[in-house]
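K.L.:
This is the structure I have questions about; it appears just below.
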Amino acid sequence: MLEIDTLTWVVTVGLILVLLAVDLVLAAVRPHKVGFAEATAWSVFYILVAVGFGIWMWTAHGSEFGTEYFAGYIVEKSLSVDNLFVFVIIMTTFAVPEEHQHKVLTFGIVLALVMRAIFIAVGATLLSLFSFMFLLFGLLLIFTAVQLFRHRNEDPDVENNAVVRTARRLLPLSTEYRGGKLFARENGRRVGTPLLIVLVAIGGIDLLFALDSIPAVFGVTEEPFIVFAANAFALLGLRALFFLVKGLLDRLVYLSAGLAVILGFIGVKLILHWAHVDLSPDVPEIPTPLSLGVIIAILVVVTVASLLKTRRDPAAKAHPGSLRARRPNHEEDGGAR
């Protein structure tokens with residue numbers, strides 16, 4: 001079992017908060033269009049920070065926990081790319097000005113971190129109290145994998161998401177952006193701007209993504225500290241990665257299928273672990289190093305196959321996938337992903 005003292009938790013959370021604060025200050029003080037060079041520099045920086053943390057984990061706590069961290073980080077990073085698809089759809093649907101996309105993404109990442117921290121705490125508690133939760137988490141991931149594969153060529157209906165529809169119904173809203181403001185005065189009353197709805201949409205989508213990302217990372221490690229760190233460092237780089245690859249996302253035509261395979265694989269791993277613990281020690285388990293190798297191999301195959309496909313067929317376009325079919329009349333109740 002991984003022993004993490006209070007000081008290590010405080011330093012880790014403090015580092016994450018400092019990095020978030022830098023993003024928030026940059027977004028608030030100097031709103032601007034993020035160029036390729038700036039996005040590349042920030043992406044490399046966040047990857048180096050995540051790798052540096054993994055090296056520290058490896059040297060301070062051993063290769064087993066170091067491998068678990070890197071496996072968890074790669075899982076979360078790959079799932080975060082699917083997040084980026086939806087972020088692009090949200091930005092396009094609501095016509096977010098480029099100079100404000102930095103702020104929207106940063107606040108969205110903060111919301112995601114808060115929600116995932118809650119999910120991690122709840123998930124870790126349930127797993128420590130009830131071993132059959134490994135079975136439930138595994139079944140949830142397999143169900144998600146099947147649904148995502150079935151609807152791998154679809155886009156979520158963000159504008160008609162239940163969270164967005166509820167916000168529109170409860171809040172008075174303006175139809176125009178007012179700089180970077182979330183609220184403004186209109187006809188003598190305080191109203192929300194479209195930027196507020198964009199944040200609501202991103203927060204709601206992130207909540208849905210947490211339903212599979214948290215069980216997925218628990219599939220490669222049972223340590224809450226590693227789960228939290230892997231999620232946090234993967235999300236911290238999401239803002240810069242958005243501006244770096246948003247023009248390339250359309251080419252990853254097989255990403256949703258690859259993510260479905262990864263989620264299904266981790267779901268099987270969780271079920272085997274439950275059977276090993278609760279049914280019989282003779283039931284084999286999938287070791288973390290093998291999981292790491294399989295995940296990397298799937299991502300490499302998916303990326304290469306996608307690039308070859310779009311090279312042969314330039315008209316081919318990637319989709320983030322959905323957990324349920326998108327109906328032409330938009331009557332779904334927000335369960336799409």
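In the structure tokens, chains take the letters A, B, ... in the order shown, each chain's residues start at 1, and ligands count up from 1 in the order shown.
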Excluding Leu272 of chain A and any residue of its chain fewer than 2 positions from it, enumerate the residues within 10 Å of it, using only C-alpha atoms, and give them as a ChimeraX atom specification.
P.N.:
/A:134-135,138,266-270,274-279,283-286
K.L.:
Considering only alpha helix (DSSP H) as DSSP defines it on the backbone, what residues of segment 4-168 of chain A qualify? List them as JSON, numbers by chain.
P.N.:
{"A": [6, 7, 8, 9, 10, 11, 12, 13, 14, 15, 16, 17, 18, 19, 20, 21, 22, 23, 24, 25, 26, 27, 28, 29, 36, 37, 38, 39, 40, 41, 42, 43, 44, 45, 46, 47, 48, 49, 50, 51, 52, 53, 54, 55, 56, 57, 58, 59, 60, 61, 63, 64, 65, 66, 67, 68, 69, 70, 71, 72, 73, 74, 75, 76, 77, 78, 79, 80, 81, 82, 83, 84, 85, 86, 87, 88, 89, 90, 91, 92, 93, 98, 99, 100, 101, 102, 103, 104, 105, 106, 107, 108, 109, 110, 111, 112, 113, 114, 115, 116, 117, 118, 119, 120, 121, 122, 123, 124, 125, 126, 127, 128, 129, 133, 134, 135, 136, 137, 138, 139, 140, 141, 142, 143, 144, 145, 146, 147, 148, 149, 150, 162, 163, 164, 165, 166, 167, 168]}
K.L.:
Run DSSP on the backbone and grab whatever in segment 59-269 of chain A lands in strand (DSSP E); send it over as a ChimeraX atom specification.
P.N.:
/A:183-186,189-192
K.L.:
If we count only C-alpha atoms, what is near Leu113 of chain A at a cut-off of 8 Å, once residues fewer than 4 positions away on the same chain are taken out, given as a ChimeraX atom specification?
P.N.:
/A:109,117,231-232,235
K.L.:
Rank A:Ile16, A:Leu252, A:Leu236, A:Leu211 by their smallest atom-to-atom distance to Ile120 of chain A, using only C-alpha atoms, and report the top residue only.
P.N.:
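Using only C-alpha atoms, the shortest distance to Ile120 of chain A belongs to A:Leu211.
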K.L.:
Using only C-alpha atoms, determine which residues lie at most 7 Å from segment 40-55 of chain A, disregarding the query and same-chain residues fewer than 4 positions distant; provide the list as JSON, numbers by chain.
P.N.:
{"A": [36, 59, 66, 69, 70, 233, 236, 237, 240, 241, 244]}
K.L.:
Skip segment 319-323 of chain A itself and residues of its chain fewer than 3 positions away, then list as an MDAnalysis selection string all residues within 12 Å of it, counting only C-alpha atoms.
P.N.:
chainID A and resid 79:89 140:158 205 208:209 211:212 249:260 306 316 326:327 332 334:337
K.L.:
How many Å lie between atom CA of Thr8 of chain A and atom CA of Met57 of chain A, rounded to one decimal?
P.N.:
11.0 Å
K.L.:
Please compute the atom CA of Leu24 of chain A-atom CA of Thr106 of chain A distance, one decimal, in Å.
P.N.:
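That distance, rounded to one decimal, is 6.4 Å.
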K.L.:
What lies within 12 Å of Trp9 of chain A using only C-alpha atoms, ignoring chain neighbours under 3 positions off, as an MDAnalysis selection string?
P.N.:
chainID A and resid 3:6 12:16 224:226 228:229
K.L.:
Of the candidates A:Leu195, A:Met1, A:Ile271, A:Val300, which shows the shortest atom-to-atom distance to His102 of chain A, using only C-alpha atoms?
P.N.:
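Among the listed residues, A:Leu195 lies closest to His102 of chain A.
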